[in-house]
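start-v3.csv follows; it contains CSV, C-alpha atoms.
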```csv
chain,number,residue,atom,x,y,z
A,1,MET,CA,-13.3,-12.7,26.7
A,2,ASP,CA,-11.8,-14.6,29.6
A,3,PRO,CA,-9.2,-17.3,28.7
A,4,THR,CA,-10.7,-20.7,28.3
A,5,PRO,CA,-9.2,-24.0,29.4
A,6,SER,CA,-7.4,-25.7,26.5
A,7,ASP,CA,-8.5,-29.1,25.4
A,8,HIS,CA,-5.2,-30.7,26.5
A,9,GLY,CA,-4.9,-28.8,29.8
A,10,HIS,CA,-5.8,-30.6,33.1
A,11,ARG,CA,-5.6,-30.1,36.8
A,12,GLY,CA,-2.9,-31.8,38.6
A,13,PRO,CA,-2.5,-32.1,42.3
A,14,ARG,CA,-0.3,-28.9,42.5
A,15,THR,CA,-1.0,-27.2,39.2
A,16,ALA,CA,-3.9,-25.1,37.9
A,17,CYS,CA,-5.5,-25.7,34.6
A,18,ARG,CA,-3.3,-24.5,31.7
A,19,LEU,CA,-5.3,-21.6,30.1
A,20,THR,CA,-5.3,-20.9,26.5
A,21,VAL,CA,-3.9,-17.5,25.6
A,22,GLN,CA,-6.6,-15.7,23.6
A,23,ALA,CA,-5.4,-13.4,20.8
A,24,ALA,CA,-6.8,-11.9,17.6
A,25,GLY,CA,-5.6,-10.2,14.4
A,26,CYS,CA,-6.3,-9.5,10.8
A,27,VAL,CA,-5.1,-10.3,7.3
A,28,LEU,CA,-5.1,-6.6,6.3
A,29,TRP,CA,-5.5,-5.9,2.6
A,30,ARG,CA,-5.7,-3.0,0.2
A,31,ARG,CA,-5.6,-2.1,-3.5
A,32,SER,CA,-2.2,-1.0,-4.5
A,33,PRO,CA,-2.1,2.8,-4.9
A,34,VAL,CA,0.1,2.2,-8.0
A,35,THR,CA,-1.3,-0.8,-9.8
A,36,GLY,CA,-4.7,-1.4,-8.2
A,37,THR,CA,-3.8,-5.0,-7.5
A,38,LEU,CA,-4.4,-6.8,-4.2
A,39,GLU,CA,-1.7,-6.3,-1.5
A,40,VAL,CA,-1.6,-7.6,2.1
A,41,CYS,CA,0.2,-6.0,5.0
A,42,LEU,CA,2.9,-7.8,7.0
A,43,VAL,CA,4.5,-6.5,10.2
A,44,HIS,CA,8.0,-6.9,11.3
A,45,ARG,CA,8.5,-7.5,15.1
A,46,PRO,CA,12.1,-6.6,16.1
A,47,LYS,CA,11.8,-8.6,19.4
A,48,TYR,CA,11.4,-11.8,17.4
A,49,ASP,CA,12.9,-10.6,14.1
A,50,ASP,CA,9.9,-12.1,12.2
A,51,TRP,CA,7.3,-11.1,9.7
A,52,SER,CA,3.7,-11.9,10.6
A,53,TRP,CA,0.1,-10.6,10.5
A,54,PRO,CA,-0.9,-7.8,12.8
A,55,LYS,CA,-2.2,-9.6,15.9
A,56,GLY,CA,-1.9,-9.6,19.7
A,57,LYS,CA,-3.3,-10.8,23.0
A,58,LEU,CA,-6.8,-9.7,24.0
A,59,LYS,CA,-7.3,-7.5,27.0
A,60,ARG,CA,-9.4,-8.9,29.8
A,61,GLY,CA,-13.0,-8.9,28.7
A,62,GLU,CA,-12.2,-7.6,25.2
A,63,ASP,CA,-14.2,-8.9,22.3
A,64,ALA,CA,-12.0,-10.8,19.8
A,65,LEU,CA,-13.1,-8.7,16.8
A,66,ALA,CA,-12.6,-5.4,18.7
A,67,GLY,CA,-9.1,-6.7,19.8
A,68,ALA,CA,-8.2,-7.6,16.2
A,69,LEU,CA,-9.1,-4.1,15.0
A,70,ARG,CA,-7.2,-2.5,18.0
A,71,GLU,CA,-4.1,-4.5,17.1
A,72,VAL,CA,-4.3,-3.5,13.5
A,73,ALA,CA,-4.5,0.2,14.5
A,74,GLU,CA,-1.7,-0.2,17.1
A,75,GLU,CA,0.7,-2.1,14.8
A,76,THR,CA,0.0,-0.6,11.4
A,77,GLY,CA,-1.5,2.8,12.1
A,78,HIS,CA,-4.5,1.9,9.9
A,79,SER,CA,-8.2,1.8,10.6
A,80,ALA,CA,-9.9,-1.2,8.9
A,81,VAL,CA,-13.2,-2.7,8.2
A,82,THR,CA,-13.6,-6.5,8.6
A,83,ALA,CA,-15.3,-9.0,6.4
A,84,ALA,CA,-15.1,-12.8,6.8
A,85,GLU,CA,-13.6,-14.5,9.8
A,86,LEU,CA,-10.6,-16.7,8.7
A,87,PRO,CA,-9.4,-19.9,10.2
A,88,SER,CA,-7.9,-19.6,13.7
A,89,ALA,CA,-4.3,-20.6,14.5
A,90,HIS,CA,-3.6,-22.9,17.5
A,91,TYR,CA,-0.1,-23.3,18.7
A,92,LEU,CA,2.2,-23.3,21.8
A,93,ALA,CA,3.7,-20.0,22.8
A,94,ASN,CA,6.2,-20.0,25.7
A,95,GLY,CA,4.8,-23.4,26.7
A,96,ARG,CA,1.2,-22.3,26.8
A,97,PRO,CA,-1.5,-23.1,24.2
A,98,LYS,CA,-2.5,-20.0,22.2
A,99,ARG,CA,-5.5,-19.4,19.9
A,100,VAL,CA,-5.4,-16.5,17.5
A,101,ARG,CA,-8.7,-15.6,15.7
A,102,TYR,CA,-8.2,-13.8,12.4
A,103,TRP,CA,-10.4,-11.7,10.1
A,104,ALA,CA,-10.0,-10.5,6.6
A,105,ALA,CA,-9.9,-6.7,6.9
A,106,GLU,CA,-9.7,-3.9,4.3
A,107,ALA,CA,-7.3,-1.0,5.3
A,108,LEU,CA,-9.2,2.3,5.2
A,109,SER,CA,-6.8,5.0,6.2
A,110,GLY,CA,-3.8,5.6,8.3
A,111,THR,CA,-0.1,6.1,8.5
A,112,PHE,CA,2.4,3.7,9.9
A,113,THR,CA,4.8,5.0,12.6
A,114,PRO,CA,7.6,2.6,13.8
A,115,ASN,CA,7.5,1.7,17.5
A,116,ASP,CA,9.1,-0.8,19.9
A,117,GLU,CA,6.7,-3.6,18.9
A,118,VAL,CA,6.6,-3.1,15.1
A,119,ASP,CA,9.4,-1.4,13.3
A,120,ARG,CA,8.4,-2.0,9.7
A,121,VAL,CA,5.4,-2.9,7.6
A,122,LEU,CA,5.4,-4.3,4.0
A,123,TRP,CA,2.5,-4.2,1.6
A,124,LEU,CA,3.0,-7.2,-0.8
A,125,PRO,CA,1.1,-9.1,-3.4
A,126,PRO,CA,-0.2,-12.4,-1.8
A,127,HIS,CA,2.3,-14.7,-3.5
A,128,MET,CA,5.2,-12.6,-2.2
A,129,ALA,CA,3.7,-12.3,1.3
A,130,ARG,CA,3.3,-16.1,1.5
A,131,ARG,CA,7.1,-16.4,1.0
A,132,ARG,CA,8.0,-13.5,3.4
A,133,LEU,CA,6.0,-14.8,6.4
A,134,THR,CA,8.2,-16.3,9.0
A,135,GLU,CA,5.8,-19.0,10.3
A,136,PRO,CA,4.6,-21.5,7.6
A,137,ARG,CA,1.2,-21.6,9.4
A,138,ASP,CA,0.7,-17.9,8.6
A,139,ALA,CA,0.9,-18.6,4.9
A,140,ASP,CA,-2.3,-20.6,5.0
A,141,LEU,CA,-4.1,-17.4,5.8
A,142,VAL,CA,-3.1,-16.0,2.4
A,143,ASP,CA,-5.1,-18.9,0.8
A,144,ALA,CA,-8.0,-18.4,3.2
A,145,LEU,CA,-8.1,-14.7,2.3
A,146,LEU,CA,-8.1,-15.4,-1.4
A,147,ALA,CA,-10.8,-18.1,-1.1
A,148,THR,CA,-13.2,-15.6,0.6
A,149,PHE,CA,-12.0,-12.5,-1.2
A,150,ARG,CA,-14.8,-10.6,-3.0
A,151,PRO,CA,-13.1,-7.5,-4.5
A,152,PRO,CA,-15.2,-4.4,-4.6
A,153,ALA,CA,-16.7,-3.6,-8.0
```

Now that the file is in, can you turn its structure into structure tokens?
Amino acid sequence: MDPTPSDHGHRGPRTACRLTVQAAGCVLWRRSPVTGTLEVCLVHRPKYDDWSWPKGKLKRGEDALAGALREVAEETGHSAVTAAELPSAHYLANGRPKRVRYWAAEALSGTFTPNDEVDRVLWLPPHMARRRLTEPRDADLVDALLATFRPPA
């Protein structure tokens, strides 16, 4: 998907239209292997020293859902199956508008291996994840996940 002009971007006499950075990610969940309760996966990015959802910029021409699943695999080592699309986040990143599309996704299998981009993952109950997330806007996605969550029988 090519970047699209932002709603507040405009063409000036010497500047091009500010393009919205397109990104995608998932609120990755699983059943705890110990208790069977719902857990969500947070990633720690050492570059920013923050805790967030697995997400990243889309590659040129990449479908947002495919990009979200690619980012989950790259950042957590897990394959996943998506369910409902969750609300998108819109914010400025490095002075440019950014849109991140999110999906609820169940972790299927995989093993995390630390790398330069993500050095740690945490599987937490939703209430603990909400407090651990660095950006307050990310906590809203916990509520969105719980509102659409249909646990398997």

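The coordinates place atom CA of A:Leu108 at 17.5 Å from atom CA of A:Lys55.
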
Problem set entry | Given all atoms listed in the file as the counted atoms, nearest of A:Leu133, A:Leu19, A:Ala147, A:Leu38 to A:Val121 | A:Leu133

For this session: Just the residues within 9 Å of A:Trp123, please, counting all atoms listed in the file, with nothing from its chain fewer than 5 positions along; format it as an MDAnalysis selection string.
Result: chainID A and resid 29:30 32 39:42 129

Got time to write the residues from that selection, C-alpha atoms, as an mmCIF file, in the frame of the given file?
```
data_model
loop_
_atom_site.group_PDB
_atom_site.id
_atom_site.type_symbol
_atom_site.label_atom_id
_atom_site.label_comp_id
_atom_site.auth_asym_id
_atom_site.auth_seq_id
_atom_site.Cartn_x
_atom_site.Cartn_y
_atom_site.Cartn_z
ATOM 1 C CA TRP A 29 -5.500 -5.900 2.600
ATOM 2 C CA ARG A 30 -5.700 -3.000 0.200
ATOM 3 C CA SER A 32 -2.200 -1.000 -4.500
ATOM 4 C CA GLU A 39 -1.700 -6.300 -1.500
ATOM 5 C CA VAL A 40 -1.600 -7.600 2.100
ATOM 6 C CA CYS A 41 0.200 -6.000 5.000
ATOM 7 C CA LEU A 42 2.900 -7.800 7.000
ATOM 8 C CA ALA A 129 3.700 -12.300 1.300
#
```

Could you pull the residues within 9 Å of A:Ala105, counting all atoms listed in the file, minus those fewer than 6 positions along the same chain, as a tab-separated table (two decimals) with C-alpha atoms, keeping the file's coordinate frame?
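What ended up in result19.tsv:
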```tsv
chain	number	residue	atom	x	y	z
A	26	CYS	CA	-6.30	-9.50	10.80
A	27	VAL	CA	-5.10	-10.30	7.30
A	28	LEU	CA	-5.10	-6.60	6.30
A	29	TRP	CA	-5.50	-5.90	2.60
A	30	ARG	CA	-5.70	-3.00	0.20
A	69	LEU	CA	-9.10	-4.10	15.00
A	80	ALA	CA	-9.90	-1.20	8.90
A	81	VAL	CA	-13.20	-2.70	8.20
A	82	THR	CA	-13.60	-6.50	8.60
A	83	ALA	CA	-15.30	-9.00	6.40
A	84	ALA	CA	-15.10	-12.80	6.80
```

Using the structure block above, produce a file of stretch 128-149 of chain A that contains N, CA, C and O atoms, as a PDB file, in the first residue's frame.
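As written to disk, decode08.pdb reads:
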```pdb
ATOM      1  N   MET A 128      -2.353  -5.966  33.638  1.00  0.00           N
ATOM      2  CA  MET A 128      -0.940  -5.656  33.863  1.00  0.00           C
ATOM      3  C   MET A 128      -0.309  -5.063  32.604  1.00  0.00           C
ATOM      4  O   MET A 128       0.540  -4.169  32.689  1.00  0.00           O
ATOM      5  N   ALA A 129      -0.726  -5.538  31.445  1.00  0.00           N
ATOM      6  CA  ALA A 129      -0.206  -4.999  30.177  1.00  0.00           C
ATOM      7  C   ALA A 129      -0.586  -3.523  30.040  1.00  0.00           C
ATOM      8  O   ALA A 129       0.233  -2.705  29.622  1.00  0.00           O
ATOM      9  N   ARG A 130      -1.812  -3.206  30.410  1.00  0.00           N
ATOM     10  CA  ARG A 130      -2.288  -1.821  30.314  1.00  0.00           C
ATOM     11  C   ARG A 130      -1.357  -0.879  31.085  1.00  0.00           C
ATOM     12  O   ARG A 130      -1.032   0.199  30.622  1.00  0.00           O
ATOM     13  N   ARG A 131      -0.900  -1.320  32.254  1.00  0.00           N
ATOM     14  CA  ARG A 131      -0.015  -0.477  33.075  1.00  0.00           C
ATOM     15  C   ARG A 131       1.425  -0.458  32.552  1.00  0.00           C
ATOM     16  O   ARG A 131       2.147   0.503  32.759  1.00  0.00           O
ATOM     17  N   ARG A 132       1.863  -1.534  31.911  1.00  0.00           N
ATOM     18  CA  ARG A 132       3.255  -1.641  31.445  1.00  0.00           C
ATOM     19  C   ARG A 132       3.508  -0.888  30.137  1.00  0.00           C
ATOM     20  O   ARG A 132       4.624  -0.449  29.878  1.00  0.00           O
ATOM     21  N   LEU A 133       2.483  -0.751  29.296  1.00  0.00           N
ATOM     22  CA  LEU A 133       2.652  -0.064  28.013  1.00  0.00           C
ATOM     23  C   LEU A 133       3.154   1.351  28.238  1.00  0.00           C
ATOM     24  O   LEU A 133       2.662   2.063  29.115  1.00  0.00           O
ATOM     25  N   THR A 134       4.122   1.768  27.434  1.00  0.00           N
ATOM     26  CA  THR A 134       4.720   3.093  27.603  1.00  0.00           C
ATOM     27  C   THR A 134       3.788   4.208  27.151  1.00  0.00           C
ATOM     28  O   THR A 134       3.633   5.211  27.842  1.00  0.00           O
ATOM     29  N   GLU A 135       3.164   4.038  25.983  1.00  0.00           N
ATOM     30  CA  GLU A 135       2.278   5.080  25.428  1.00  0.00           C
ATOM     31  C   GLU A 135       0.845   4.859  25.900  1.00  0.00           C
ATOM     32  O   GLU A 135       0.287   3.782  25.679  1.00  0.00           O
ATOM     33  N   PRO A 136       0.228   5.864  26.524  1.00  0.00           N
ATOM     34  CA  PRO A 136      -1.157   5.713  26.982  1.00  0.00           C
ATOM     35  C   PRO A 136      -2.118   5.294  25.867  1.00  0.00           C
ATOM     36  O   PRO A 136      -3.042   4.527  26.111  1.00  0.00           O
ATOM     37  N   ARG A 137      -1.882   5.771  24.639  1.00  0.00           N
ATOM     38  CA  ARG A 137      -2.788   5.417  23.532  1.00  0.00           C
ATOM     39  C   ARG A 137      -2.787   3.912  23.263  1.00  0.00           C
ATOM     40  O   ARG A 137      -3.758   3.360  22.780  1.00  0.00           O
ATOM     41  N   ASP A 138      -1.679   3.231  23.578  1.00  0.00           N
ATOM     42  CA  ASP A 138      -1.608   1.786  23.362  1.00  0.00           C
ATOM     43  C   ASP A 138      -2.509   1.023  24.334  1.00  0.00           C
ATOM     44  O   ASP A 138      -2.987  -0.061  24.013  1.00  0.00           O
ATOM     45  N   ALA A 139      -2.753   1.574  25.510  1.00  0.00           N
ATOM     46  CA  ALA A 139      -3.595   0.904  26.504  1.00  0.00           C
ATOM     47  C   ALA A 139      -5.035   0.788  26.015  1.00  0.00           C
ATOM     48  O   ALA A 139      -5.738  -0.166  26.383  1.00  0.00           O
ATOM     49  N   ASP A 140      -5.487   1.711  25.179  1.00  0.00           N
ATOM     50  CA  ASP A 140      -6.846   1.644  24.647  1.00  0.00           C
ATOM     51  C   ASP A 140      -7.073   0.358  23.855  1.00  0.00           C
ATOM     52  O   ASP A 140      -8.189  -0.141  23.761  1.00  0.00           O
ATOM     53  N   LEU A 141      -6.003  -0.178  23.272  1.00  0.00           N
ATOM     54  CA  LEU A 141      -6.142  -1.404  22.489  1.00  0.00           C
ATOM     55  C   LEU A 141      -6.402  -2.629  23.363  1.00  0.00           C
ATOM     56  O   LEU A 141      -6.954  -3.625  22.886  1.00  0.00           O
ATOM     57  N   VAL A 142      -6.034  -2.570  24.626  1.00  0.00           N
ATOM     58  CA  VAL A 142      -6.380  -3.654  25.555  1.00  0.00           C
ATOM     59  C   VAL A 142      -7.897  -3.722  25.660  1.00  0.00           C
ATOM     60  O   VAL A 142      -8.499  -4.794  25.534  1.00  0.00           O
ATOM     61  N   ASP A 143      -8.528  -2.574  25.861  1.00  0.00           N
ATOM     62  CA  ASP A 143      -9.980  -2.526  25.972  1.00  0.00           C
ATOM     63  C   ASP A 143     -10.644  -2.954  24.668  1.00  0.00           C
ATOM     64  O   ASP A 143     -11.652  -3.661  24.683  1.00  0.00           O
ATOM     65  N   ALA A 144     -10.077  -2.535  23.542  1.00  0.00           N
ATOM     66  CA  ALA A 144     -10.640  -2.917  22.240  1.00  0.00           C
ATOM     67  C   ALA A 144     -10.546  -4.436  22.052  1.00  0.00           C
ATOM     68  O   ALA A 144     -11.480  -5.058  21.549  1.00  0.00           O
ATOM     69  N   LEU A 145      -9.434  -5.031  22.454  1.00  0.00           N
ATOM     70  CA  LEU A 145      -9.294  -6.482  22.360  1.00  0.00           C
ATOM     71  C   LEU A 145     -10.349  -7.173  23.225  1.00  0.00           C
ATOM     72  O   LEU A 145     -11.053  -8.079  22.761  1.00  0.00           O
ATOM     73  N   LEU A 146     -10.475  -6.744  24.460  1.00  0.00           N
ATOM     74  CA  LEU A 146     -11.424  -7.378  25.379  1.00  0.00           C
ATOM     75  C   LEU A 146     -12.868  -7.215  24.895  1.00  0.00           C
ATOM     76  O   LEU A 146     -13.688  -8.116  25.080  1.00  0.00           O
ATOM     77  N   ALA A 147     -13.171  -6.096  24.245  1.00  0.00           N
ATOM     78  CA  ALA A 147     -14.536  -5.861  23.739  1.00  0.00           C
ATOM     79  C   ALA A 147     -14.887  -6.787  22.577  1.00  0.00           C
ATOM     80  O   ALA A 147     -16.054  -7.113  22.374  1.00  0.00           O
ATOM     81  N   THR A 148     -13.885  -7.224  21.822  1.00  0.00           N
ATOM     82  CA  THR A 148     -14.143  -8.081  20.664  1.00  0.00           C
ATOM     83  C   THR A 148     -13.738  -9.522  20.911  1.00  0.00           C
ATOM     84  O   THR A 148     -13.929 -10.371  20.058  1.00  0.00           O
ATOM     85  N   PHE A 149     -13.186  -9.778  22.083  1.00  0.00           N
ATOM     86  CA  PHE A 149     -12.621 -11.092  22.362  1.00  0.00           C
ATOM     87  C   PHE A 149     -13.710 -12.138  22.507  1.00  0.00           C
ATOM     88  O   PHE A 149     -14.628 -12.002  23.291  1.00  0.00           O
TER      89      PHE A 149
END
```
